[in-house]
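Some notes on the structure that comes next.
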Amino acid sequence: MTDSIKVLTLTTLYPNSEQTHHGLFVRHRLKQLVESRPIEAKVVAPVPWFPISWGFLGKYAMFSKVKKCEQQGDIEVWHPKYLVIPKLGMSIAPFLMAICILFKIKKMLKQGFEFELIDAHYIYPDGVAAVLIGKLVGKPVVITARGSDINVIMDYMLPKLFIKWAVNNASAVITVSKALRNKIKNLDVSQSNISVLRNGVDLTLFKPSGNRKNLRKSLNLSKKTILSVGNLIPLKGHHLIIEALIDLPECELLIAGAGPEEFKLKQLAAKHSLDNKVFFLGSMNQVDLQKYYSASDVLVLASESEGWANVLLESMACGTPVVATNVGGASEIVQTETAGILVKTRNVESIRAGIKRMIENYPNRIEVRQYAELFSWKETSDGQYELFKKIVRESMV
């Protein structure tokens, strides 16, 4: 075996022509690996099949518009369609996904892409499907746990059984935090090859803006600015931050994200007469997010659960400290008060107290950036490459 490795990345968490922000953290990790190591990679990122593209049918209509194949930089990305059956979907999703992917993978092999390893992200259903396929085509599989696949989906009986099977039958398991690794070990699995390879942060994209005063003026920000970033769903806790604002008269809140809770959140702000202090930015690309990270005074993340919260590192890389609930890998990211404050109890009072404490003992923004620089992608790419090399070598014995 040469040191160069052909890798097939399999995941539903990957951007496509209709969901340009979807799964960016997976693309970033793969991009860093391919650019820094002798890796040749292609991506299979399946999307649900839907026959009609009429806009009023919502997200499923959007899936019908996703291109069959895209070239994203140097990486070829395929989007085969898999069947989703209402009510039965969660239980049989790995098998329906495996069927659709298997046809595409066999074509790739016939066309000469003799990949040596399957790199699957998100354990359920993606990782389960990948392990099934690996057994059928005789390729080793590495699966990565990222958060809700372990924190949420394992609450369901059948998926939990399938997850345990996939973990035990994969060649190796990666988690993005120690907290996720510990949860997998608590499954009482026989798998011993579990590595923690955290996400990094793009320190070139996420960096402090040159003239922060002018930036804030251009964005019409005048008060102490709190930023909350994430899908507008209850799990992210935007509602808690809105209510925390009630006794923070010097603060305003910017919420970046889209989702089903938008109307309720706006109603909540109106109920407390905070219409002129809570602003909804909608879904944002990373270039625009960088500006708001840099312009804000504090990023607040009030999540109920997380695997590895990339927004914390992105904010700190822009010089902005954070206040976050102490869930998932948060304590592995925020290890000093230079970087931020962890809130032990997820409620309005604790979040408000954390924000007040941050404002009263505000850190040096240059030191916040320096702390974020400890989280480059190099360590993760090194770990991935060495793990992949070891697994491919063992598979050839």
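So you can find residues: chains in the structure tokens are A, B, ... in the order shown, residues in each start at 1, and ligands are numbered from 1 in order.
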
Pick out the residues sitting within 7 Å of range 292-304 of chain A, and hand them over as a VMD selection string; count only C-alpha atoms, and ignore anything fewer than 5 positions along from it in its own chain.
chain A and resid 208 to 209 212 215 to 216 224 to 228 235 to 238 315 318 to 325 327 346

What parts of range 73-246 of chain A does DSSP call strand (DSSP E)? I'd like the answer as a list in words.
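Assigned to strand (DSSP E), within range 73-246 of chain A: Ile75, Glu76, Val77, Trp78, Lys81, Tyr82, Leu117, Ile118, Asp119, Ala120, His121, Val141, Val142, Ile143, Thr144, Ala145, Ala172, Val173, Ile174, Thr175, Ile194, Ser195, Val196, Lys224, Thr225, Ile226, Leu227, Ser228 and Val229 of chain A.
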
If we count only C-alpha atoms, what is near range 258-265 of chain A at a cut-off of 12 Å, once residues fewer than 4 positions away on the same chain are taken out, given as a ChimeraX atom specification?
/A:21,58-59,228-243,269-272,274-275,278-285

Selection above as a file: N, CA and C atoms, as a tab-separated table (two decimals), in the first residue's frame:
```
chain	number	residue	atom	x	y	z
A	21	HIS	N	-25.95	25.50	3.00
A	21	HIS	CA	-25.36	25.59	4.34
A	21	HIS	C	-25.41	24.26	5.08
A	58	GLY	N	-42.90	22.49	0.27
A	58	GLY	CA	-41.88	22.59	1.31
A	58	GLY	C	-40.56	21.91	0.98
A	59	LYS	N	-39.89	21.41	2.06
A	59	LYS	CA	-38.52	20.91	1.91
A	59	LYS	C	-38.43	19.69	1.01
A	228	SER	N	-27.07	35.00	18.84
A	228	SER	CA	-27.45	33.59	18.99
A	228	SER	C	-27.56	32.99	17.60
A	229	VAL	N	-26.85	31.89	17.37
A	229	VAL	CA	-26.78	31.29	16.03
A	229	VAL	C	-27.25	29.84	16.08
A	230	GLY	N	-28.17	29.47	15.20
A	230	GLY	CA	-28.62	28.08	15.13
A	230	GLY	C	-30.02	27.98	14.57
A	231	ASN	N	-30.39	26.78	14.17
A	231	ASN	CA	-31.73	26.55	13.67
A	231	ASN	C	-32.77	27.01	14.69
A	232	LEU	N	-33.88	27.53	14.19
A	232	LEU	CA	-34.93	28.02	15.09
A	232	LEU	C	-35.81	26.86	15.52
A	233	ILE	N	-35.28	26.10	16.46
A	233	ILE	CA	-35.96	24.93	17.02
A	233	ILE	C	-35.79	24.99	18.54
A	234	PRO	N	-36.70	24.37	19.31
A	234	PRO	CA	-36.62	24.46	20.78
A	234	PRO	C	-35.28	24.02	21.35
A	235	LEU	N	-34.66	22.99	20.76
A	235	LEU	CA	-33.40	22.45	21.27
A	235	LEU	C	-32.31	23.51	21.37
A	236	LYS	N	-32.33	24.51	20.50
A	236	LYS	CA	-31.27	25.53	20.49
A	236	LYS	C	-31.46	26.61	21.56
A	237	GLY	N	-32.66	26.72	22.12
A	237	GLY	CA	-32.85	27.59	23.27
A	237	GLY	C	-32.90	29.08	22.99
A	238	HIS	N	-33.23	29.49	21.77
A	238	HIS	CA	-33.33	30.94	21.50
A	238	HIS	C	-34.36	31.60	22.41
A	239	HIS	N	-35.42	30.86	22.74
A	239	HIS	CA	-36.48	31.42	23.59
A	239	HIS	C	-35.94	31.80	24.97
A	240	LEU	N	-35.00	31.03	25.47
A	240	LEU	CA	-34.43	31.33	26.79
A	240	LEU	C	-33.61	32.62	26.74
A	241	ILE	N	-32.92	32.83	25.64
A	241	ILE	CA	-32.10	34.05	25.51
A	241	ILE	C	-32.99	35.28	25.37
A	242	ILE	N	-34.10	35.14	24.63
A	242	ILE	CA	-35.05	36.26	24.52
A	242	ILE	C	-35.56	36.65	25.89
A	243	GLU	N	-35.94	35.67	26.69
A	243	GLU	CA	-36.46	35.98	28.03
A	243	GLU	C	-35.37	36.50	28.96
A	269	ALA	N	-40.97	37.66	21.74
A	269	ALA	CA	-40.32	38.97	21.84
A	269	ALA	C	-41.36	40.08	21.96
A	270	ALA	N	-42.44	39.98	21.18
A	270	ALA	CA	-43.50	41.00	21.23
A	270	ALA	C	-44.21	40.98	22.58
A	271	LYS	N	-44.43	39.78	23.11
A	271	LYS	CA	-45.11	39.64	24.40
A	271	LYS	C	-44.39	40.41	25.49
A	272	HIS	N	-43.06	40.40	25.43
A	272	HIS	CA	-42.26	41.07	26.46
A	272	HIS	C	-41.80	42.46	26.02
A	274	LEU	N	-40.11	43.44	23.45
A	274	LEU	CA	-38.70	43.44	23.07
A	274	LEU	C	-38.52	43.55	21.55
A	275	ASP	N	-39.59	43.97	20.85
A	275	ASP	CA	-39.53	44.04	19.38
A	275	ASP	C	-38.37	44.88	18.88
A	278	VAL	N	-34.84	42.71	19.75
A	278	VAL	CA	-34.59	41.36	19.22
A	278	VAL	C	-34.75	41.40	17.71
A	279	PHE	N	-33.71	41.02	17.00
A	279	PHE	CA	-33.71	41.13	15.54
A	279	PHE	C	-33.39	39.76	14.92
A	280	PHE	N	-34.19	39.36	13.96
A	280	PHE	CA	-34.04	38.07	13.29
A	280	PHE	C	-33.31	38.27	11.96
A	281	LEU	N	-32.15	37.65	11.83
A	281	LEU	CA	-31.31	37.83	10.66
A	281	LEU	C	-31.57	36.82	9.55
A	282	GLY	N	-32.30	35.73	9.89
A	282	GLY	CA	-32.54	34.68	8.91
A	282	GLY	C	-31.31	33.80	8.75
A	283	SER	N	-31.38	32.87	7.82
A	283	SER	CA	-30.25	31.98	7.55
A	283	SER	C	-29.13	32.78	6.89
A	284	MET	N	-27.91	32.55	7.32
A	284	MET	CA	-26.79	33.36	6.82
A	284	MET	C	-25.65	32.47	6.34
A	285	ASN	N	-24.96	32.95	5.28
A	285	ASN	CA	-23.76	32.24	4.85
A	285	ASN	C	-22.62	32.58	5.79
```

Using CA of Glu76 in chain A and CA of Val287 in chain A as the two end points, give the distance in Å to one decimal.
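Rounded to one decimal, the two atoms are 23.4 Å apart.
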
Expressed in Å to a single decimal, how great is the separation between CA of Asn347 in chain A and CA of Gly23 in chain A?
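Computing the Euclidean distance for CA of Asn347 in chain A and CA of Gly23 in chain A yields 28.6 Å.
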
Quick one: residues within 9 Å of range 158-166 of chain A, only C-alpha atoms, excluding same-chain residues fewer than 2 positions away - as number ranges by chain?
A: 90-91, 94, 123-125, 127-132, 143, 149-150, 153-156, 168-170, 184, 187-189

Please measure the separation of CA of Ser376 in chain A and CA of Glu314 in chain A, giving the value in Å to one decimal.
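A separation of 11.1 Å between them.
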
Fewer than 3 positions away in the same chain doesn't count, so skip those; otherwise give me all residues within 7 Å of Lys178 in chain A, counting only C-alpha atoms, as JSON, numbers by chain.
{"A": [181, 182, 196, 329]}

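Remark: for Glu349 in chain A, the closest of the candidate residues A:Asp119, A:Ile133, A:Ile246, A:Glu379 is A:Ile246 (distances computed over only C-alpha atoms).
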
So which one's closest to Gly383 in chain A, A:Ile355, A:Leu197, A:Val397, A:Val43? Using only C-alpha atoms, please.
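For Gly383 in chain A, the nearest of the given residues is A:Leu197.
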
Nearest to Ala372 in chain A, restricted to only C-alpha atoms and choosing among A:Val167, A:Ala45, A:Leu268, A:Leu203, comes out as A:Leu203

Give me, as a list in words, all polymer residues having an atom no more than 9 Å from Ile5 in chain A, counting only C-alpha atoms and skipping those fewer than 5 positions away in the same chain.
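The contact residues come out as Pro38, Ile39, Glu40, Ala41, Phe115, Glu116, Leu117, Tyr385, Phe388, Lys389 and Val392 of chain A.
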
How close does each residue of range 314-386 of chain A get to range 27-35 of chain A, giving the shortest atom pair and distance in Å to one decimal for every residue with an atom at most 8 Å away, counting only C-alpha atoms, sorted by chain and residue number, as a Markdown table?
```
| residue | atom | partner | partner_atom | distance |
| --- | --- | --- | --- | --- |
| A:Trp377 | CA | A:Gln32 | CA | 6.9 |
| A:Ser381 | CA | A:Leu33 | CA | 5.2 |
| A:Gln384 | CA | A:Leu33 | CA | 7.8 |
| A:Tyr385 | CA | A:Leu33 | CA | 7.6 |
```

Excluding range 15-17 of chain A and its own-chain neighbours fewer than 3 positions away, which residues fall within 10 Å of it when counting only C-alpha atoms? Please give them as number ranges by chain.
A: 12, 20-27, 45-47, 62-63, 65-70, 72, 77-79
